[in-house]
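Trainee: I have a structure here, written as structure tokens, and I will follow up with some questions on it.
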Amino acid sequence: MDRTVAIEVRYFAAAAETAGTEKETVALPPTTDLGTLKTVLIDRHGPDMARVLSVAMFLVGDELTRRRRPRAPL
């Protein structure tokens with residue numbers, strides 16, 4: 001049985017416009033890092049999302065960041 005966690009993604013401004021929504025829930029393995037989540041979002045929403053995420057800031061827990069260690073779990 002595969003375990004997943006629900007990750008709530010909230011979008012603002014250009015990201016919301018690109019995604020076509022202000023929030024969505026993504027089910028991913030509990031060890032997923034920010035880089036993997038970004039890849040999933042780009043796969044879902046296309047190359048415009050890649051451009052938006054390349055300059056986006058991310059709130060992970062209580063930490064606001066532009067970059068997160070590639071392998072740090074969300």
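Letters for chains follow the order of the structure tokens (A, B, ...), residue numbers begin at 1 for each chain, and ligand numbers begin at 1 in the order shown.
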Counting only C-alpha atoms, what is within 12 Å of A:Asp2, bar same-chain residues fewer than 5 positions away, as a VMD selection string?
Mentor: chain A and resid 27 to 30
Trainee: Report as an MDAnalysis selection string: the residues of chain A with a DSSP assignment of alpha helix (DSSP H), based on the backbone of this structure.
Mentor: chainID A and resid 13:19 34:45 47:53
Trainee: Quick one: everything within 12 Å of stretch 53-61 of chain A, counting only C-alpha atoms, minus sequence neighbours fewer than 4 positions away in the same chain. Send it as a PyMOL selection string.
Mentor: chain A and resi 7-16+18-19+33-35+37-42+45-49+65-69+72-74
Trainee: So which bits of chain A end up strand (DSSP E or B) when you DSSP the backbone, as a list in words?
Mentor: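 These are the residues in question: Val5, Ala6, Ile7, Glu8, Val9, Arg10, Lys23, Glu24, Thr25, Val26, Ala27, Leu28, Asp33, Phe58, Leu59, Val60, Glu63, Leu64, Thr65 and Pro73 of chain A.
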Trainee: Hey, can you check how far atom CA of A:Arg44 sits from atom CA of A:Glu17?
Mentor: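 Rounded to one decimal, the two atoms are 13.7 Å apart.
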Trainee: Between atom CA of A:Val52 and atom CA of A:Thr32, what distance in Å does the model show, to one decimal?
Mentor: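 Here the two named atoms are 20.6 Å from each other.
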